[in-house]
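The next block is final05.txt, given as compact mmCIF, C-alpha atoms.
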# COMPACT_ATOMS: atom_id res chain seq x y z
CA MET A 1 115.05 67.91 114.65
CA ALA A 2 116.76 71.22 113.91
CA LYS A 3 114.69 73.96 112.30
CA ALA A 4 115.50 74.87 108.71
CA HIS A 5 117.55 78.04 108.46
CA GLN A 6 115.51 81.07 107.46
CA LYS A 7 117.64 83.67 105.77
CA HIS A 8 115.18 86.59 105.98
CA THR A 9 112.75 87.67 108.67
CA ALA A 10 109.23 86.39 108.03
CA LEU A 11 106.99 89.45 107.62
CA ASN A 12 103.26 89.75 107.14
CA ARG A 13 103.22 90.62 103.45
CA PRO A 14 100.21 92.33 101.82
CA ALA A 15 98.88 90.48 98.79
CA TYR A 16 99.80 93.06 96.13
CA GLY A 17 99.17 92.71 92.44
CA GLU A 18 101.28 94.44 89.82
CA PHE A 19 100.17 97.87 90.97
CA HIS A 20 97.98 97.66 94.07
CA LEU A 21 96.17 95.51 96.60
CA GLN A 22 92.94 96.15 94.67
CA GLU A 23 93.30 95.93 90.90
CA TRP A 24 91.26 94.61 88.00
CA ALA A 25 92.67 93.92 84.53
CA PHE A 26 90.24 94.26 81.62
CA ILE A 27 91.01 91.69 78.95
CA GLY A 28 89.31 90.32 75.85
CA ALA A 29 88.47 93.56 74.03
CA PRO A 30 90.30 96.17 71.90
CA CYS A 31 92.17 98.82 73.86
CA GLY A 32 89.72 101.55 72.86
CA VAL A 33 86.80 99.64 74.43
CA ILE A 34 88.80 99.13 77.63
CA GLN A 35 89.82 102.78 77.83
CA GLU A 36 86.24 103.96 77.30
CA LEU A 37 84.89 101.68 80.02
CA ALA A 38 87.67 102.63 82.46
CA ALA A 39 86.90 106.32 81.91
CA LYS A 40 83.21 105.77 82.75
CA LEU A 41 84.05 103.84 85.90
CA THR A 42 86.64 106.25 87.27
CA LYS A 43 84.33 109.22 86.68
CA ALA A 44 81.26 107.54 88.19
CA THR A 45 83.05 106.49 91.38
CA ALA A 46 85.17 109.63 91.85
CA GLU A 47 82.96 111.14 94.56
CA HIS A 48 83.81 108.39 97.04
CA TYR A 49 86.79 106.50 95.60
CA ARG A 50 90.05 107.43 93.95
CA LEU A 51 90.87 105.07 91.09
CA ALA A 52 93.93 104.91 88.87
CA TYR A 53 94.32 103.57 85.34
CA ALA A 54 97.31 101.68 83.93
CA ASP A 55 97.92 101.30 80.22
CA ALA A 56 100.58 101.46 77.52
CA ASP A 57 101.14 104.40 75.16
CA HIS A 58 100.03 102.89 71.87
CA ALA A 59 101.17 105.80 69.71
CA ALA A 60 104.67 106.46 71.03
CA GLY A 61 106.29 103.05 71.18
CA ASP A 62 108.52 103.55 68.13
CA GLN A 63 109.80 107.01 68.98
CA ALA A 64 113.53 107.22 69.59
CA SER A 65 113.16 109.14 72.86
CA GLN A 66 110.21 109.63 75.21
CA LEU A 67 111.96 112.16 77.44
CA ALA A 68 111.52 115.91 77.05
CA VAL A 69 115.20 116.29 77.93
CA PRO A 70 117.09 113.38 76.30
CA GLY A 71 119.72 111.82 78.51
CA SER A 72 117.84 112.52 81.75
CA ALA A 73 117.20 109.65 84.13
CA LEU A 74 113.95 111.26 85.27
CA VAL A 75 111.93 114.21 84.03
CA TYR A 76 109.28 115.82 86.22
CA THR A 77 106.77 118.11 84.50
CA ASP A 78 104.18 120.22 86.28
CA GLN A 79 101.27 120.04 83.83
CA ILE A 80 99.28 122.54 85.95
CA ASN A 81 96.22 120.25 86.15
CA TYR A 82 98.28 117.12 86.82
CA HIS A 83 101.88 116.07 87.42
CA ARG A 84 103.96 113.90 85.14
CA TYR A 85 107.03 111.79 85.87
CA ASP A 86 108.95 110.23 82.99
CA PHE A 87 111.44 107.55 84.00
CA ALA A 88 114.17 106.43 81.64
CA ALA A 89 114.81 103.17 83.53
CA ALA A 90 112.52 100.18 83.17
CA GLN A 91 109.89 99.90 85.91
CA ASN A 92 108.71 96.70 87.58
CA ALA A 93 106.05 96.00 90.20
CA PHE A 94 108.32 97.03 93.08
CA HIS A 95 108.82 100.45 91.47
CA ARG A 96 105.15 100.92 90.51
CA ARG A 97 103.40 100.06 93.76
CA PRO A 98 104.65 103.08 95.76
CA LEU A 99 103.34 105.35 93.01
CA PHE A 100 99.83 103.93 93.39
CA GLN A 101 99.64 103.89 97.20
CA ASP A 102 97.33 106.93 97.39
CA VAL A 103 94.49 105.37 95.38
CA ASP A 104 91.75 102.91 96.32
CA GLY A 105 92.21 100.67 93.32
CA VAL A 106 93.68 100.38 89.84
CA LEU A 107 91.94 99.58 86.56
CA VAL A 108 94.41 97.93 84.19
CA ASN A 109 94.48 97.39 80.43
CA GLY A 110 94.96 93.63 80.50
CA ASN A 111 96.14 93.59 76.89
CA HIS A 112 99.42 95.02 78.16
CA PHE A 113 99.66 94.18 81.88
CA SER A 114 98.62 91.37 84.17
CA GLY A 115 96.28 92.16 87.05
CA LYS A 116 95.56 90.57 90.41
CA ARG A 117 91.92 90.00 89.37
CA GLN A 118 90.48 90.01 85.87
CA ILE A 119 87.38 91.30 84.11
CA VAL A 120 86.84 89.45 80.84
CA ILE A 121 85.05 91.24 78.00
CA LEU A 122 83.56 88.90 75.37
CA ASP A 123 84.46 90.83 72.25
CA PRO A 124 84.91 88.44 69.27
CA ARG A 125 87.53 90.77 67.76
CA LYS A 126 89.92 89.74 70.54
CA ALA A 127 88.81 86.13 71.06
CA ASP A 128 92.00 84.65 69.62
CA SER A 129 94.12 87.04 71.70
CA LEU A 130 92.22 85.99 74.83
CA ARG A 131 92.77 82.32 74.01
CA ARG A 132 96.54 82.95 73.89
CA LYS A 133 96.45 84.77 77.24
CA LEU A 134 94.54 82.26 79.35
CA ASP A 135 97.52 82.07 81.70
CA ARG A 136 96.65 85.64 82.79
CA LEU A 137 93.21 84.55 83.95
CA THR A 138 94.13 83.62 87.52
CA ASP A 139 91.14 85.15 89.35
CA VAL A 140 88.29 86.14 87.04
CA ALA A 141 85.95 88.42 88.97
CA LEU A 142 83.49 89.43 86.25
CA ILE A 143 82.54 88.51 82.69
CA LEU A 144 81.01 91.19 80.46
CA THR A 145 78.94 89.85 77.58
CA THR A 146 78.29 91.60 74.26
CA GLU A 147 75.56 91.36 71.64
CA ALA A 148 78.04 89.64 69.34
CA GLN A 149 79.04 87.18 72.08
CA PRO A 150 76.26 86.74 74.69
CA LYS A 151 77.75 83.53 76.14
CA PRO A 152 81.30 82.68 77.31
CA TYR A 153 83.60 80.95 74.84
CA ASP A 154 83.96 77.20 75.26
CA PHE A 155 87.71 77.57 75.79
CA LEU A 156 87.04 80.11 78.56
CA LEU A 157 84.58 77.80 80.33
CA ALA A 158 87.07 74.95 80.09
CA HIS A 159 89.74 77.17 81.65
CA LEU A 160 87.45 78.23 84.50
CA GLY A 161 86.41 74.67 85.32
CA ASP A 162 83.54 74.58 87.83
CA TYR A 163 83.96 78.25 88.76
CA ARG A 164 81.41 80.67 87.29
CA PRO A 165 82.06 84.41 87.81
CA VAL A 166 79.38 87.09 87.88
CA MET A 167 78.16 87.93 84.37
CA MET A 168 76.48 91.07 83.04
CA PRO A 169 76.19 92.89 79.71
CA LEU A 170 78.97 95.28 78.73
CA GLY A 171 76.24 97.82 77.97
CA ASP A 172 74.95 97.75 81.56
CA THR A 173 77.19 100.58 82.68
CA ASN A 174 75.20 101.26 85.86
CA GLY A 175 75.36 97.60 86.83
CA ILE A 176 79.11 97.50 86.34
CA ILE A 177 79.51 100.69 88.39
CA GLN A 178 77.44 99.23 91.24
CA TRP A 179 79.47 96.02 91.12
CA LEU A 180 82.75 97.94 91.30
CA ARG A 181 81.51 100.12 94.17
CA ALA A 182 80.58 96.98 96.09
CA GLN A 183 84.07 95.56 95.52
CA LEU A 184 85.72 98.75 96.78
CA THR A 185 83.45 98.95 99.82
CA ALA A 186 84.18 95.34 100.74
CA ALA A 187 87.92 96.05 100.48
CA ARG A 188 87.82 98.68 103.25
CA ALA A 189 90.45 97.81 105.84
CA PRO A 190 89.32 96.44 109.23
CA LEU A 191 89.77 98.88 112.12
CA TYR A 192 92.13 97.89 114.95
CA GLY A 193 92.79 99.88 118.11
CA LEU A 194 96.25 100.71 119.45
CA VAL A 195 96.75 102.04 122.99
CA LEU A 196 100.10 103.84 123.26
CA ALA A 197 101.38 102.61 126.62
CA GLY A 198 105.13 102.51 126.01
CA GLY A 199 106.08 106.12 126.68
CA LYS A 200 108.78 106.96 129.24
CA SER A 201 106.67 109.73 130.89
CA GLN A 202 109.74 111.79 131.84
CA ARG A 203 107.88 115.07 132.46
CA MET A 204 105.18 113.38 134.53
CA GLY A 205 107.68 111.52 136.68
CA ALA A 206 105.37 108.48 136.69
CA ASP A 207 104.14 106.07 134.04
CA LYS A 208 101.22 107.89 132.39
CA SER A 209 99.63 104.63 131.28
CA LEU A 210 99.26 103.58 134.95
CA LEU A 211 97.74 106.82 136.25
CA ASP A 212 94.19 106.53 137.59
CA TYR A 213 91.62 109.03 136.30
CA HIS A 214 88.58 106.75 135.99
CA GLY A 215 89.00 104.11 138.71
CA MET A 216 91.51 102.02 136.74
CA PRO A 217 94.91 102.41 135.01
CA GLN A 218 94.58 104.79 132.08
CA HIS A 219 95.78 102.23 129.52
CA GLU A 220 92.97 99.90 130.60
CA TYR A 221 90.43 102.73 130.42
CA VAL A 222 91.49 103.59 126.87
CA ALA A 223 91.35 99.94 125.84
CA ARG A 224 87.79 99.69 127.19
CA GLN A 225 86.73 102.77 125.22
CA LEU A 226 88.12 101.18 122.04
CA SER A 227 86.57 97.79 122.74
CA GLY A 228 83.54 97.22 120.54
CA LEU A 229 84.51 100.07 118.24
CA CYS A 230 87.49 98.17 116.83
CA GLN A 231 87.74 94.55 115.70
CA GLN A 232 90.81 94.04 117.91
CA VAL A 233 92.57 96.21 120.51
CA PHE A 234 96.30 96.07 121.24
CA HIS A 235 98.67 97.76 123.68
CA SER A 236 101.85 99.25 122.25
CA VAL A 237 104.70 98.66 124.71
CA ARG A 238 108.44 99.10 124.92
CA ALA A 239 110.54 96.00 124.34
CA GLY A 240 110.53 94.01 127.59
CA GLN A 241 107.82 96.16 129.18
CA GLU A 242 105.25 94.30 131.30
CA ILE A 243 101.72 95.64 131.42
CA GLY A 244 98.51 94.43 133.04
CA GLY A 245 95.15 94.01 131.40
CA THR A 246 93.80 91.49 128.93
CA ALA A 247 94.59 93.22 125.63
CA PRO A 248 97.37 91.66 123.55
CA VAL A 249 100.58 93.66 123.17
CA ILE A 250 102.71 94.79 120.24
CA PRO A 251 106.31 95.33 121.37
CA ASP A 252 108.06 98.27 119.76
CA THR A 253 110.35 96.99 117.00
CA PHE A 254 111.18 100.48 115.72
CA THR A 255 112.99 101.58 118.86
CA ASP A 256 113.67 105.11 120.14
CA LEU A 257 111.15 106.69 117.76
CA GLY A 258 108.35 107.29 120.26
CA PRO A 259 104.76 107.10 118.90
CA PHE A 260 106.11 107.05 115.34
CA GLY A 261 107.86 103.76 116.05
CA ALA A 262 104.79 102.37 117.81
CA ILE A 263 102.61 103.02 114.75
CA LEU A 264 105.17 101.44 112.44
CA SER A 265 105.44 98.40 114.72
CA ALA A 266 101.66 97.94 114.59
CA PHE A 267 101.67 98.12 110.79
CA ARG A 268 104.57 95.67 110.68
CA ASP A 269 102.42 93.09 112.49
CA HIS A 270 99.16 93.89 110.66
CA PRO A 271 99.93 95.85 107.44
CA THR A 272 96.43 95.55 105.95
CA ALA A 273 94.58 96.89 109.01
CA ALA A 274 93.66 100.50 109.73
CA TRP A 275 94.84 101.63 113.17
CA LEU A 276 92.93 103.90 115.53
CA VAL A 277 95.87 105.09 117.61
CA VAL A 278 95.15 106.62 121.04
CA ALA A 279 97.65 108.00 123.53
CA CYS A 280 97.35 107.50 127.30
CA ASP A 281 97.77 111.19 128.13
CA LEU A 282 94.28 112.27 127.02
CA PRO A 283 92.16 111.52 130.11
CA LEU A 284 89.12 113.51 128.89
CA LEU A 285 88.86 111.48 125.68
CA ASP A 286 85.82 109.21 125.84
CA ARG A 287 83.94 106.66 123.78
CA ALA A 288 81.59 109.26 122.29
CA ALA A 289 84.54 111.22 120.89
CA LEU A 290 86.06 108.07 119.39
CA GLN A 291 82.71 107.24 117.79
CA GLU A 292 82.62 110.73 116.32
CA LEU A 293 86.01 110.18 114.69
CA ILE A 294 85.08 106.72 113.38
CA GLN A 295 81.79 107.94 111.91
CA GLN A 296 83.69 110.48 109.81
CA ARG A 297 86.44 108.06 108.78
CA ASN A 298 87.52 108.49 105.16
CA SER A 299 89.33 105.32 104.14
CA SER A 300 90.29 106.93 100.81
CA ARG A 301 92.63 109.27 102.70
CA LEU A 302 95.91 108.48 104.40
CA ALA A 303 94.35 109.15 107.80
CA THR A 304 91.35 110.59 109.64
CA ALA A 305 92.41 112.89 112.47
CA PHE A 306 90.92 115.35 114.91
CA HIS A 307 91.83 118.97 114.33
CA ASN A 308 93.16 120.36 117.60
CA PRO A 309 92.08 124.02 117.91
CA ALA A 310 94.60 124.58 120.72
CA THR A 311 97.54 123.86 118.39
CA GLY A 312 95.97 124.56 115.01
CA TRP A 313 97.22 121.19 113.77
CA PRO A 314 95.88 117.67 113.37
CA ASP A 315 96.34 115.51 116.45
CA PRO A 316 98.37 112.44 115.37
CA LEU A 317 97.69 110.47 118.56
CA VAL A 318 93.93 110.33 118.20
CA THR A 319 94.01 109.31 114.56
CA ILE A 320 92.86 106.52 112.27
CA TRP A 321 95.86 105.58 110.13
CA GLU A 322 94.86 103.69 106.97
CA PRO A 323 97.09 100.90 105.56
CA ARG A 324 98.39 103.26 102.86
CA ALA A 325 100.05 105.23 105.66
CA TYR A 326 102.57 102.45 106.33
CA PRO A 327 104.81 103.05 103.28
CA VAL A 328 104.39 106.81 103.68
CA LEU A 329 105.60 106.69 107.29
CA LEU A 330 108.61 104.64 106.18
CA GLN A 331 109.35 107.18 103.45
CA PHE A 332 109.33 110.04 105.96
CA LEU A 333 111.60 108.02 108.24
CA ALA A 334 114.01 107.44 105.35
CA GLN A 335 114.16 111.22 104.89
CA GLY A 336 115.03 111.71 108.55
CA TYR A 337 111.61 112.58 110.02
CA SER A 338 109.93 110.74 112.89
CA CYS A 339 107.10 113.15 113.67
CA PRO A 340 103.67 111.66 112.90
CA ARG A 341 102.12 115.14 112.85
CA LYS A 342 104.48 116.16 110.03
CA VAL A 343 103.22 113.18 108.03
CA LEU A 344 99.61 114.30 108.53
CA ILE A 345 100.35 117.93 107.64
CA ASN A 346 102.01 116.89 104.38
CA SER A 347 99.48 114.27 103.29
CA ALA A 348 95.89 114.06 102.05
CA ILE A 349 93.90 113.42 105.23
CA GLN A 350 90.36 113.78 106.57
CA LEU A 351 90.20 116.40 109.33
CA VAL A 352 87.44 116.19 111.93
CA THR A 353 86.55 119.06 114.25
CA PRO A 354 85.58 117.56 117.62
CA THR A 355 82.24 118.58 119.10
CA ASP A 356 84.03 119.11 122.42
CA PRO A 357 87.67 120.23 121.90
CA ALA A 358 88.38 119.54 125.60
CA ILE A 359 88.68 115.83 124.77
CA LEU A 360 92.11 116.63 123.26
CA THR A 361 93.47 118.07 126.51
CA ASN A 362 96.98 116.68 126.83
CA VAL A 363 98.35 115.85 130.30
CA ASN A 364 102.13 115.52 130.58
CA ALA A 365 103.00 117.06 133.96
CA PRO A 366 101.77 116.71 137.57
CA GLU A 367 100.18 120.17 137.64
CA GLU A 368 98.24 119.39 134.45
CA ARG A 369 97.05 116.13 135.96
CA ALA A 370 95.84 117.89 139.10
CA LYS A 371 93.81 120.33 137.00
CA VAL A 372 92.16 117.54 135.00
CA LEU A 373 91.38 115.52 138.13
CA GLY A 374 89.59 118.59 139.44
CA LEU A 375 87.54 118.84 136.27
CA LEU A 376 86.63 115.15 136.41
CA LYS A 377 85.64 115.46 140.06
CA LYS A 378 83.31 118.36 139.26
CA GLY A 379 81.88 116.47 136.31

Let me see the file written as structure tokens.
Amino acid sequence: MAKAHQKHTALNRPAYGEFHLQEWAFIGAPCGVIQELAAKLTKATAEHYRLAYADADHAAGDQASQLAVPGSALVYTDQINYHRYDFAAAQNAFHRRPLFQDVDGVLVNGNHFSGKRQIVILDPRKADSLRRKLDRLTDVALILTTEAQPKPYDFLLAHLGDYRPVMMPLGDTNGIIQWLRAQLTAARAPLYGLVLAGGKSQRMGADKSLLDYHGMPQHEYVARQLSGLCQQVFHSVRAGQEIGGTAPVIPDTFTDLGPFGAILSAFRDHPTAAWLVVACDLPLLDRAALQELIQQRNSSRLATAFHNPATGWPDPLVTIWEPRAYPVLLQFLAQGYSCPRKVLINSAIQLVTPTDPAILTNVNAPEERAKVLGLLKKG
């Protein structure tokens, strides 16, 4: 039987909500109550997590023009302490999501927007409104009780069926904060390893991934260092390239872009994973150095990278790239840039100074290899 025609390529698609992968819509209370609670939560979690808030402007809806310069399609205003973008065109989820890619989660006023998950507040003043919006309650994560309504409404229980979410008092601010922190911690992306083995090695004159520094091909050595530190380890290879070893491969689908294309190809296959990317031309890099980088991983940043004192720049090929890096890399590519270091330099990242900077020694030519082999022999 012939397969059904598929018009578009099947991609691994992240499960976004309206704004973000992690979002909670507060519903069932007046907007002022929601805004006050959101302010407490964002402030209390700010040391470790970056949260955004989405709401409507309740005071300005009837004004003839919202733009500082009428007729403009977009107005950008540097507010000194923050930056403001006013769009004239209507915005939908596809427009909003890129704007929220730098945060860990979004708190949403559910009176105005839907959210991927919901937090229901039992405020009798909005009970009728909640009853009319039951279709928005698709994944209730938390119910907040009030003195006026200490138990869920009958219509809410009927809607939930056998499912009973976590419940706590709206006044238990510390409890709500701890619950939210636990949700954000659980949402941290799994760490995968990527061994860059697809380079052409033109300066070396031999495939750098096959060179022997430690009694085995270098790509296998790197994979062994990553094993146990990462949930899965993959080899990045050129299209059609054969490579030994037991690690699964990710063929390069963004061709002729070097390491930049390899990173994008990995994200294309697994867009919700974080990638510890390691090149094969760093023979002094060992497991202890990789552990040092992982221990200082900041998943609230675009990436965690070693600072290379020899260059003065972050090293993009011993770097943990978080899932939020995927759209950013694509944006740089769309602007004509395929240098992963340029992405790091122009993004909010976590920089780690290695205990032993020698681990970042890059070997691209035969004379450099001979020098490193001498060092390893002495060691």

If you measure from atom CA of A:Lys7 to atom CA of A:Arg96, what distance in Å do you get, rounded to one decimal?
26.2 Å

Quick one: distance from atom CA of A:Phe155 to atom CA of A:Gly17 in Å, one decimal?
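We find that atom CA of A:Phe155 and atom CA of A:Gly17 lie 25.3 Å from each other.
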
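Atom CA of A:Ala54 lies 18.8 Å from atom CA of A:Gln79.
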
List the neighbours of A:Pro271 out to 12 Å using only C-alpha atoms; skip same-chain residues closer than 3 positions along the sequence, and give me the result as a PyMOL selection string.
chain A and resi 11-16+21+189-192+263-268+274-275+321-327

Within 10 Å of A:Asn111, counting only C-alpha atoms, which residues qualify if same-chain residues fewer than 5 places away don't, as a ChimeraX atom specification?
/A:25-31,34,55-56,126,129-130,133,136

A:Ala239, A:Ala206, A:Val278, A:Ile177 ranked by distance to A:Glu220, top pick (using all atoms listed in the file):
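Answer, going by the shortest atom-to-atom distance: A:Val278.
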
Using all atoms listed in the file, which residues sit within 8 Å of A:Leu184 once same-chain residues fewer than 5 positions away are excluded, as a PyMOL selection string?
chain A and resi 22+49+104-105

Write the residues of the selection above to a file with C-alpha atoms, as a PDB file, in the frame of the given file.
ATOM      1  CA  GLN A  22      92.940  96.150  94.670  1.00  0.00           C
ATOM      2  CA  TYR A  49      86.790 106.500  95.600  1.00  0.00           C
ATOM      3  CA  ASP A 104      91.750 102.910  96.320  1.00  0.00           C
ATOM      4  CA  GLY A 105      92.210 100.670  93.320  1.00  0.00           C
TER       5      GLY A 105
END

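Shortest separation to A:Arg181 among A:Ser299, A:Asn109, A:Thr42, A:Thr146 occurs at residue A:Thr42, atoms counted being all atoms listed in the file.
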
Which residue gives the smallest distance to A:Arg117 among A:Asp162, A:Asp102, A:Glu23, A:Asp281, with only C-alpha atoms counted?
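That would be A:Glu23, the residue with the smallest distance to A:Arg117.
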
Contact residues around stretch 225-233 of chain A with all atoms listed in the file at 9 Å, ignoring same-chain residues under 4 positions, as a CSV table (one decimal) with C-alpha atoms, in the frame of the given file:
chain,number,residue,atom,x,y,z
A,190,PRO,CA,89.3,96.4,109.2
A,191,LEU,CA,89.8,98.9,112.1
A,192,TYR,CA,92.1,97.9,115.0
A,193,GLY,CA,92.8,99.9,118.1
A,194,LEU,CA,96.2,100.7,119.4
A,195,VAL,CA,96.8,102.0,123.0
A,220,GLU,CA,93.0,99.9,130.6
A,221,TYR,CA,90.4,102.7,130.4
A,247,ALA,CA,94.6,93.2,125.6
A,248,PRO,CA,97.4,91.7,123.6
A,249,VAL,CA,100.6,93.7,123.2
A,275,TRP,CA,94.8,101.6,113.2
A,276,LEU,CA,92.9,103.9,115.5
A,278,VAL,CA,95.2,106.6,121.0
A,285,LEU,CA,88.9,111.5,125.7
A,286,ASP,CA,85.8,109.2,125.8
A,287,ARG,CA,83.9,106.7,123.8
A,288,ALA,CA,81.6,109.3,122.3
A,290,LEU,CA,86.1,108.1,119.4
A,291,GLN,CA,82.7,107.2,117.8
A,294,ILE,CA,85.1,106.7,113.4

Residue neighbourhood A:Gln331, 10 Å, only C-alpha atoms, exclusion window fewer than 6 positions, as an NGL selection string:
:A and (98 or 325 or 337 or 343)

Select, counting only C-alpha atoms, all protein, DNA and RNA residues no farther than 10 Å from (84.2, 100.3, 91.5) in file coordinates, and express the selection as a PyMOL selection string.
chain A and resi 24+38+41-42+44-46+48-51+104-107+176-185
